[in-house]
Amino acid sequence: MFFLFDVGGTNTRMGFSRDGSSIEGEPIMTQTPQRYEDGVALLVESAKKYAAPGQLRVAAGGLPGVIDQMTGTLLRAPHLEGWVGKPFVADLSAALGVAVLIENDAALAGLGEAVYGAGKGHDIVAYLTVSTGVGGARIVRGAIDAHHVGFEPGHQIVAHHDQSYITLESLVSGSGIERRLGKKSETISDPAVWQEVTGKLAIGVANVILLWAPNVVVIGGALKDRLLLPMLEQHLGQIISVLPTLPKIILASLKSVGGLYGALEIARREVSKEI
């Protein structure tokens with residue numbers, strides 16, 4: 001049995017796979033503890049509740065930030081600062097008695113969409129998630145592309161004003177919208193706000209297309225359904241003139257469980273090495 005987890009800045013999702021190709025039942029969702037020790041305890045308790053001793057083969061999942069794979073720690077996590085620098089892989093592995101695999105949560109969601117979801121069948125998938133923050137990854141032929149530290153498309157600079165650098169995340173993420181407007185994004189119904197957010201997101205998507213050269217751009221995250229896709233495509237046509245054609249822009253299809261499917265994929269590949 002595989003234990004799968006997706007720790008986000010706001011919510012944590014957990015699931016299990018017995019066959020290595022599908023997720024069993026309805027995933028568990030709960031609020032992410034800001035205290036590291038509480039977060040590890042939550043994962044351990046959930047895993048042991050559903051898997052008897054000796055049943056687990058591997059645990060795999062995502063964390064919301066820059067990861068040091070050598071030490072199994074979070075190096076930077078703006079929305080989960082209490083977890084930074086803690087020996088996550090060592091602690092969880094010791095508690096569960098199995099190997100633990102981790103990746104950036106957005107990269108895993110992108111992998112899930114590329115292998116099981118909206119990006120399936122495309123060689124090069126650019127994935128962007130617009131939620132509490134903005135993340136993403138480049139997926140090439142069903143695998144997260146090689147990288148030094150990690151992908152951070154949300155922190156690309158899209159404007160410069162009065163000696164300050166303005167990032168994509170600060171303009172279009174849930175946390176960025178709340179800082180600017182003083183309201184949580186889920187409470188905003190004014191079409192003008194979402195037209196503005198879509199226009200600003202188009203700048204970031206254009207940069208991703210020009211730098212990553214994908215066949216398709218998949219947009220996921222909690223705010224994806226608030227975005228105006230036809231307007232986004234119209235803006236892209238105006239921004240990008242150097243390419244003969246633009247990649248398809250599509251919304252993620254795995255909804256909130258893309259990260260769990262990405263975790264399933266890296267767990268499946270890890271176990272297949274043992275065979």
# chains A, B, ... in the order shown; residues from 1 in each chain; ligands from 1
$ closest_atom_pairs --of "segment 151-257 of chain A" --to "segment 112-117 of chain A" --cutoff "7 Å" --atoms "only C-alpha atoms" --output "CSV"
residue,atom,partner,partner_atom,distance
A:Ala252,CA,A:Glu113,CA,6.6
A:Ser253,CA,A:Gly117,CA,5.6
A:Leu254,CA,A:Gly117,CA,5.8
$ write_last_selection --atoms "N, CA and C atoms" --output "PDB file, in the first residue's frame"
ATOM      1  N   ALA A 252      -6.992  22.358 -15.407  1.00  0.00           N
ATOM      2  CA  ALA A 252      -6.699  21.055 -14.805  1.00  0.00           C
ATOM      3  C   ALA A 252      -7.985  20.259 -14.622  1.00  0.00           C
ATOM      4  N   SER A 253      -7.882  18.950 -14.772  1.00  0.00           N
ATOM      5  CA  SER A 253      -9.070  18.096 -14.690  1.00  0.00           C
ATOM      6  C   SER A 253      -9.136  17.266 -13.417  1.00  0.00           C
ATOM      7  N   LEU A 254      -8.025  17.195 -12.678  1.00  0.00           N
ATOM      8  CA  LEU A 254      -8.010  16.360 -11.472  1.00  0.00           C
ATOM      9  C   LEU A 254      -8.460  17.115 -10.230  1.00  0.00           C
TER      10      LEU A 254
END
$ select_by_dssp --residues "segment 62-106 of chain A" --states "helix (DSSP H, G or I)" --output "list in words"
Glu81, Gly82, Trp83, Phe88, Val89, Ala90, Asp91, Leu92, Ser93, Ala94, Ala95, Leu96, Asp105 and Ala106 of chain A
$ write_last_selection --atoms "all heavy atoms" --output "CSV table (one decimal), in the first residue's frame"
chain,number,residue,atom,x,y,z
A,81,GLU,N,6.0,28.6,7.3
A,81,GLU,CA,7.3,28.9,7.8
A,81,GLU,C,7.7,28.0,8.9
A,81,GLU,O,8.9,27.8,9.1
A,81,GLU,CB,7.4,30.4,8.2
A,81,GLU,CG,7.2,31.3,7.0
A,81,GLU,CD,7.3,32.8,7.4
A,81,GLU,OE1,7.4,33.1,8.6
A,81,GLU,OE2,7.3,33.7,6.4
A,82,GLY,N,6.8,27.5,9.7
A,82,GLY,CA,7.1,26.7,10.8
A,82,GLY,C,7.7,25.4,10.5
A,82,GLY,O,8.2,24.7,11.3
A,83,TRP,N,7.6,25.0,9.2
A,83,TRP,CA,8.1,23.7,8.7
A,83,TRP,C,9.5,23.8,8.2
A,83,TRP,O,10.2,22.8,7.9
A,83,TRP,CB,7.2,23.1,7.7
A,83,TRP,CG,5.8,22.7,8.1
A,83,TRP,CD1,4.9,23.4,8.9
A,83,TRP,CD2,5.2,21.5,7.9
A,83,TRP,NE1,3.8,22.8,9.1
A,83,TRP,CE2,3.9,21.5,8.5
A,83,TRP,CE3,5.5,20.3,7.1
A,83,TRP,CZ2,3.0,20.5,8.4
A,83,TRP,CZ3,4.6,19.3,7.1
A,83,TRP,CH2,3.3,19.4,7.7
A,88,PHE,N,12.0,16.7,7.8
A,88,PHE,CA,10.7,16.1,7.5
A,88,PHE,C,10.8,14.6,7.1
A,88,PHE,O,10.1,13.7,7.6
A,88,PHE,CB,10.0,16.9,6.4
A,88,PHE,CG,8.7,16.3,6.0
A,88,PHE,CD1,7.5,16.5,6.7
A,88,PHE,CD2,8.5,15.5,4.9
A,88,PHE,CE1,6.3,16.0,6.4
A,88,PHE,CE2,7.3,15.0,4.5
A,88,PHE,CZ,6.2,15.2,5.2
A,89,VAL,N,11.6,14.3,6.1
A,89,VAL,CA,11.7,13.0,5.5
A,89,VAL,C,12.2,12.0,6.6
A,89,VAL,O,11.7,10.9,6.8
A,89,VAL,CB,12.7,12.9,4.3
A,89,VAL,CG1,13.1,11.5,4.0
A,89,VAL,CG2,12.0,13.6,3.1
A,90,ALA,N,13.2,12.4,7.4
A,90,ALA,CA,13.8,11.5,8.4
A,90,ALA,C,12.7,11.3,9.5
A,90,ALA,O,12.5,10.1,10.0
A,90,ALA,CB,15.0,12.2,9.1
A,91,ASP,N,12.0,12.3,9.9
A,91,ASP,CA,11.0,12.2,11.0
A,91,ASP,C,9.8,11.3,10.5
A,91,ASP,O,9.4,10.4,11.3
A,91,ASP,CB,10.4,13.5,11.4
A,91,ASP,CG,11.4,14.3,12.2
A,91,ASP,OD1,12.4,13.7,12.7
A,91,ASP,OD2,11.2,15.5,12.4
A,92,LEU,N,9.3,11.5,9.3
A,92,LEU,CA,8.2,10.7,8.8
A,92,LEU,C,8.6,9.3,8.6
A,92,LEU,O,7.8,8.4,8.9
A,92,LEU,CB,7.6,11.4,7.6
A,92,LEU,CG,6.2,10.8,7.1
A,92,LEU,CD1,5.2,10.9,8.2
A,92,LEU,CD2,5.8,11.5,5.8
A,93,SER,N,9.8,9.1,8.0
A,93,SER,CA,10.2,7.8,7.7
A,93,SER,C,10.4,7.0,9.0
A,93,SER,O,10.1,5.8,9.1
A,93,SER,CB,11.6,7.8,6.9
A,93,SER,OG,12.0,6.5,6.6
A,94,ALA,N,11.0,7.6,10.0
A,94,ALA,CA,11.2,6.9,11.3
A,94,ALA,C,9.9,6.5,11.9
A,94,ALA,O,9.7,5.4,12.5
A,94,ALA,CB,12.0,7.8,12.2
A,95,ALA,N,8.9,7.4,11.8
A,95,ALA,CA,7.6,7.1,12.4
A,95,ALA,C,6.8,6.0,11.7
A,95,ALA,O,6.1,5.2,12.3
A,95,ALA,CB,6.8,8.4,12.5
A,96,LEU,N,7.0,6.0,10.3
A,96,LEU,CA,6.2,5.0,9.6
A,96,LEU,C,6.9,3.7,9.2
A,96,LEU,O,6.3,2.7,8.9
A,96,LEU,CB,5.7,5.7,8.2
A,96,LEU,CG,4.7,6.8,8.4
A,96,LEU,CD1,4.4,7.4,7.0
A,96,LEU,CD2,3.5,6.4,9.1
A,105,ASP,N,4.9,20.7,-4.0
A,105,ASP,CA,3.5,20.3,-4.2
A,105,ASP,C,3.0,20.7,-5.6
A,105,ASP,O,2.2,19.9,-6.2
A,105,ASP,CB,2.6,20.9,-3.1
A,105,ASP,CG,2.7,22.4,-3.0
A,105,ASP,OD1,3.6,23.1,-3.6
A,105,ASP,OD2,1.7,23.0,-2.4
A,106,ALA,N,3.4,21.8,-6.1
A,106,ALA,CA,2.9,22.3,-7.4
A,106,ALA,C,3.5,21.4,-8.5
A,106,ALA,O,2.8,21.0,-9.5
A,106,ALA,CB,3.3,23.7,-7.6
$ atom_distance --atom1 "atom CA of His161 of chain A" --atom2 "atom CA of Ser175 of chain A"
20.1 Å
$ closest_residue --among "A:Ile203, A:Ala222, A:Leu228, A:Ala99" --to "Gly8 of chain A" --atoms "only C-alpha atoms"
A:Ala222
$ residues_around --residues "Leu210 of chain A" --least-positions-apart "2" --cutoff "12 Å" --atoms "only C-alpha atoms" --output "list in words"
Ala126, Ile203, Gly204, Val205, Ala206, Asn207, Val208, Trp212, Ala213, Pro214, Asn215, Val217, Leu236, Ile239, Ile240, Ser241, Val242, Leu243, Thr245, Leu246 and Pro247 of chain A
$ residues_around --residues "Gly176 of chain A" --least-positions-apart "5" --cutoff "9 Å" --atoms "only C-alpha atoms" --output "PyMOL selection string"
chain A and resi 132-133+169-171+181
$ select_by_dssp --residues "segment 53-274 of chain A" --states "strand (DSSP E)" --output "JSON, numbers by chain"
{"A": [58, 59, 60, 61, 62, 63, 66, 67, 68, 73, 74, 75, 76, 99, 100, 101, 102, 103, 104, 124, 125, 126, 127, 128, 129, 130, 134, 135, 136, 137, 138, 139, 140, 143, 144, 157, 158, 159, 160, 161, 164, 165, 166, 167, 216, 217, 218, 219, 220, 248, 249, 250, 251]}
$ decode --residues "segment 111-221 of chain A" --atoms "C-alpha atoms" --output "PDB file, in the first residue's frame"
ATOM      1  CA  LEU A 111       3.023  15.591 -12.810  1.00  0.00           C
ATOM      2  CA  GLY A 112      -0.403  14.261 -11.886  1.00  0.00           C
ATOM      3  CA  GLU A 113      -2.081  16.333 -14.591  1.00  0.00           C
ATOM      4  CA  ALA A 114       0.532  15.350 -17.182  1.00  0.00           C
ATOM      5  CA  VAL A 115       0.258  11.602 -16.525  1.00  0.00           C
ATOM      6  CA  TYR A 116      -3.360  11.146 -15.411  1.00  0.00           C
ATOM      7  CA  GLY A 117      -5.192  14.392 -16.172  1.00  0.00           C
ATOM      8  CA  ALA A 118      -5.609  17.257 -18.622  1.00  0.00           C
ATOM      9  CA  GLY A 119      -2.044  17.110 -19.950  1.00  0.00           C
ATOM     10  CA  LYS A 120      -2.080  13.389 -20.691  1.00  0.00           C
ATOM     11  CA  GLY A 121      -0.691  12.613 -24.163  1.00  0.00           C
ATOM     12  CA  HIS A 122       1.392  15.796 -24.432  1.00  0.00           C
ATOM     13  CA  ASP A 123       5.202  15.640 -24.445  1.00  0.00           C
ATOM     14  CA  ILE A 124       5.871  18.963 -22.727  1.00  0.00           C
ATOM     15  CA  VAL A 125       3.378  20.255 -20.183  1.00  0.00           C
ATOM     16  CA  ALA A 126       3.692  23.624 -18.466  1.00  0.00           C
ATOM     17  CA  TYR A 127       1.663  23.521 -15.275  1.00  0.00           C
ATOM     18  CA  LEU A 128       0.641  26.568 -13.251  1.00  0.00           C
ATOM     19  CA  THR A 129      -1.411  26.503 -10.070  1.00  0.00           C
ATOM     20  CA  VAL A 130      -3.185  29.632  -8.879  1.00  0.00           C
ATOM     21  CA  SER A 131      -4.240  29.239  -5.274  1.00  0.00           C
ATOM     22  CA  THR A 132      -2.955  30.591  -1.929  1.00  0.00           C
ATOM     23  CA  GLY A 133       0.259  31.135  -3.878  1.00  0.00           C
ATOM     24  CA  VAL A 134       1.318  30.527  -7.463  1.00  0.00           C
ATOM     25  CA  GLY A 135       3.490  27.551  -8.335  1.00  0.00           C
ATOM     26  CA  GLY A 136       4.139  25.207 -11.188  1.00  0.00           C
ATOM     27  CA  ALA A 137       6.585  23.017 -13.040  1.00  0.00           C
ATOM     28  CA  ARG A 138       7.678  21.830 -16.471  1.00  0.00           C
ATOM     29  CA  ILE A 139       6.800  18.189 -17.107  1.00  0.00           C
ATOM     30  CA  VAL A 140       8.617  16.444 -19.949  1.00  0.00           C
ATOM     31  CA  ARG A 141       7.466  13.058 -21.257  1.00  0.00           C
ATOM     32  CA  GLY A 142       5.717  12.160 -18.040  1.00  0.00           C
ATOM     33  CA  ALA A 143       8.432  13.243 -15.604  1.00  0.00           C
ATOM     34  CA  ILE A 144       9.245  16.419 -13.695  1.00  0.00           C
ATOM     35  CA  ASP A 145      11.945  18.143 -15.735  1.00  0.00           C
ATOM     36  CA  ALA A 146      15.495  18.232 -14.399  1.00  0.00           C
ATOM     37  CA  HIS A 147      16.150  21.213 -12.144  1.00  0.00           C
ATOM     38  CA  HIS A 148      18.746  22.504  -9.713  1.00  0.00           C
ATOM     39  CA  VAL A 149      16.586  23.613  -6.779  1.00  0.00           C
ATOM     40  CA  GLY A 150      13.040  23.906  -8.030  1.00  0.00           C
ATOM     41  CA  PHE A 151      10.556  25.683 -10.270  1.00  0.00           C
ATOM     42  CA  GLU A 152       9.111  28.946  -8.962  1.00  0.00           C
ATOM     43  CA  PRO A 153       7.078  30.522 -11.778  1.00  0.00           C
ATOM     44  CA  GLY A 154       4.984  32.444  -9.253  1.00  0.00           C
ATOM     45  CA  HIS A 155       8.052  34.474  -8.270  1.00  0.00           C
ATOM     46  CA  GLN A 156       8.846  35.659 -11.772  1.00  0.00           C
ATOM     47  CA  ILE A 157       9.133  39.456 -11.959  1.00  0.00           C
ATOM     48  CA  VAL A 158       6.282  40.917 -14.005  1.00  0.00           C
ATOM     49  CA  ALA A 159       6.668  44.604 -13.116  1.00  0.00           C
ATOM     50  CA  HIS A 160       9.065  47.062 -11.511  1.00  0.00           C
ATOM     51  CA  HIS A 161       7.881  50.119  -9.626  1.00  0.00           C
ATOM     52  CA  ASP A 162       9.704  52.586  -7.373  1.00  0.00           C
ATOM     53  CA  GLN A 163      12.699  50.274  -6.868  1.00  0.00           C
ATOM     54  CA  SER A 164      10.457  47.340  -5.925  1.00  0.00           C
ATOM     55  CA  TYR A 165      10.043  44.125  -7.893  1.00  0.00           C
ATOM     56  CA  ILE A 166       6.494  42.899  -8.380  1.00  0.00           C
ATOM     57  CA  THR A 167       5.973  39.138  -8.713  1.00  0.00           C
ATOM     58  CA  LEU A 168       3.198  37.271 -10.480  1.00  0.00           C
ATOM     59  CA  GLU A 169       2.170  35.675  -7.189  1.00  0.00           C
ATOM     60  CA  SER A 170       1.691  39.052  -5.510  1.00  0.00           C
ATOM     61  CA  LEU A 171      -0.822  40.045  -8.199  1.00  0.00           C
ATOM     62  CA  VAL A 172      -2.921  36.939  -8.878  1.00  0.00           C
ATOM     63  CA  SER A 173      -2.683  34.538  -5.922  1.00  0.00           C
ATOM     64  CA  GLY A 174      -5.298  34.298  -3.196  1.00  0.00           C
ATOM     65  CA  SER A 175      -2.889  35.737  -0.632  1.00  0.00           C
ATOM     66  CA  GLY A 176      -1.840  38.512  -3.012  1.00  0.00           C
ATOM     67  CA  ILE A 177      -5.436  39.475  -3.791  1.00  0.00           C
ATOM     68  CA  GLU A 178      -6.268  39.569  -0.085  1.00  0.00           C
ATOM     69  CA  ARG A 179      -3.297  41.832   0.671  1.00  0.00           C
ATOM     70  CA  ARG A 180      -4.223  44.234  -2.129  1.00  0.00           C
ATOM     71  CA  LEU A 181      -8.007  44.337  -1.704  1.00  0.00           C
ATOM     72  CA  GLY A 182      -8.464  43.405   1.927  1.00  0.00           C
ATOM     73  CA  LYS A 183     -10.861  40.596   1.012  1.00  0.00           C
ATOM     74  CA  LYS A 184     -10.507  36.841   0.674  1.00  0.00           C
ATOM     75  CA  SER A 185     -10.611  35.839  -2.981  1.00  0.00           C
ATOM     76  CA  GLU A 186     -13.522  33.428  -2.475  1.00  0.00           C
ATOM     77  CA  THR A 187     -15.724  36.330  -1.342  1.00  0.00           C
ATOM     78  CA  ILE A 188     -15.055  38.485  -4.422  1.00  0.00           C
ATOM     79  CA  SER A 189     -17.743  38.335  -7.121  1.00  0.00           C
ATOM     80  CA  ASP A 190     -17.007  41.605  -8.954  1.00  0.00           C
ATOM     81  CA  PRO A 191     -16.284  40.616 -12.604  1.00  0.00           C
ATOM     82  CA  ALA A 192     -13.917  43.569 -12.973  1.00  0.00           C
ATOM     83  CA  VAL A 193     -11.587  42.085 -10.357  1.00  0.00           C
ATOM     84  CA  TRP A 194     -11.342  38.759 -12.167  1.00  0.00           C
ATOM     85  CA  GLN A 195     -10.860  40.493 -15.516  1.00  0.00           C
ATOM     86  CA  GLU A 196      -7.909  42.349 -13.996  1.00  0.00           C
ATOM     87  CA  VAL A 197      -6.484  39.178 -12.412  1.00  0.00           C
ATOM     88  CA  THR A 198      -6.822  37.304 -15.715  1.00  0.00           C
ATOM     89  CA  GLY A 199      -5.002  40.077 -17.572  1.00  0.00           C
ATOM     90  CA  LYS A 200      -2.123  40.037 -15.096  1.00  0.00           C
ATOM     91  CA  LEU A 201      -1.937  36.240 -15.172  1.00  0.00           C
ATOM     92  CA  ALA A 202      -1.594  36.416 -18.964  1.00  0.00           C
ATOM     93  CA  ILE A 203       1.780  38.131 -18.526  1.00  0.00           C
ATOM     94  CA  GLY A 204       3.042  35.239 -16.416  1.00  0.00           C
ATOM     95  CA  VAL A 205       1.615  32.607 -18.741  1.00  0.00           C
ATOM     96  CA  ALA A 206       3.254  34.346 -21.705  1.00  0.00           C
ATOM     97  CA  ASN A 207       6.632  34.227 -19.974  1.00  0.00           C
ATOM     98  CA  VAL A 208       6.157  30.535 -19.175  1.00  0.00           C
ATOM     99  CA  ILE A 209       5.320  29.790 -22.814  1.00  0.00           C
ATOM    100  CA  LEU A 210       8.333  31.696 -24.097  1.00  0.00           C
ATOM    101  CA  LEU A 211      10.755  30.116 -21.613  1.00  0.00           C
ATOM    102  CA  TRP A 212       9.436  26.545 -21.327  1.00  0.00           C
ATOM    103  CA  ALA A 213       8.182  26.005 -24.925  1.00  0.00           C
ATOM    104  CA  PRO A 214       5.338  23.635 -23.968  1.00  0.00           C
ATOM    105  CA  ASN A 215       2.811  21.789 -26.116  1.00  0.00           C
ATOM    106  CA  VAL A 216       0.113  22.687 -23.606  1.00  0.00           C
ATOM    107  CA  VAL A 217      -0.354  24.909 -20.567  1.00  0.00           C
ATOM    108  CA  VAL A 218      -2.474  23.408 -17.796  1.00  0.00           C
ATOM    109  CA  ILE A 219      -3.826  25.803 -15.166  1.00  0.00           C
ATOM    110  CA  GLY A 220      -4.950  24.415 -11.830  1.00  0.00           C
ATOM    111  CA  GLY A 221      -5.457  25.579  -8.282  1.00  0.00           C
TER     112      GLY A 221
END
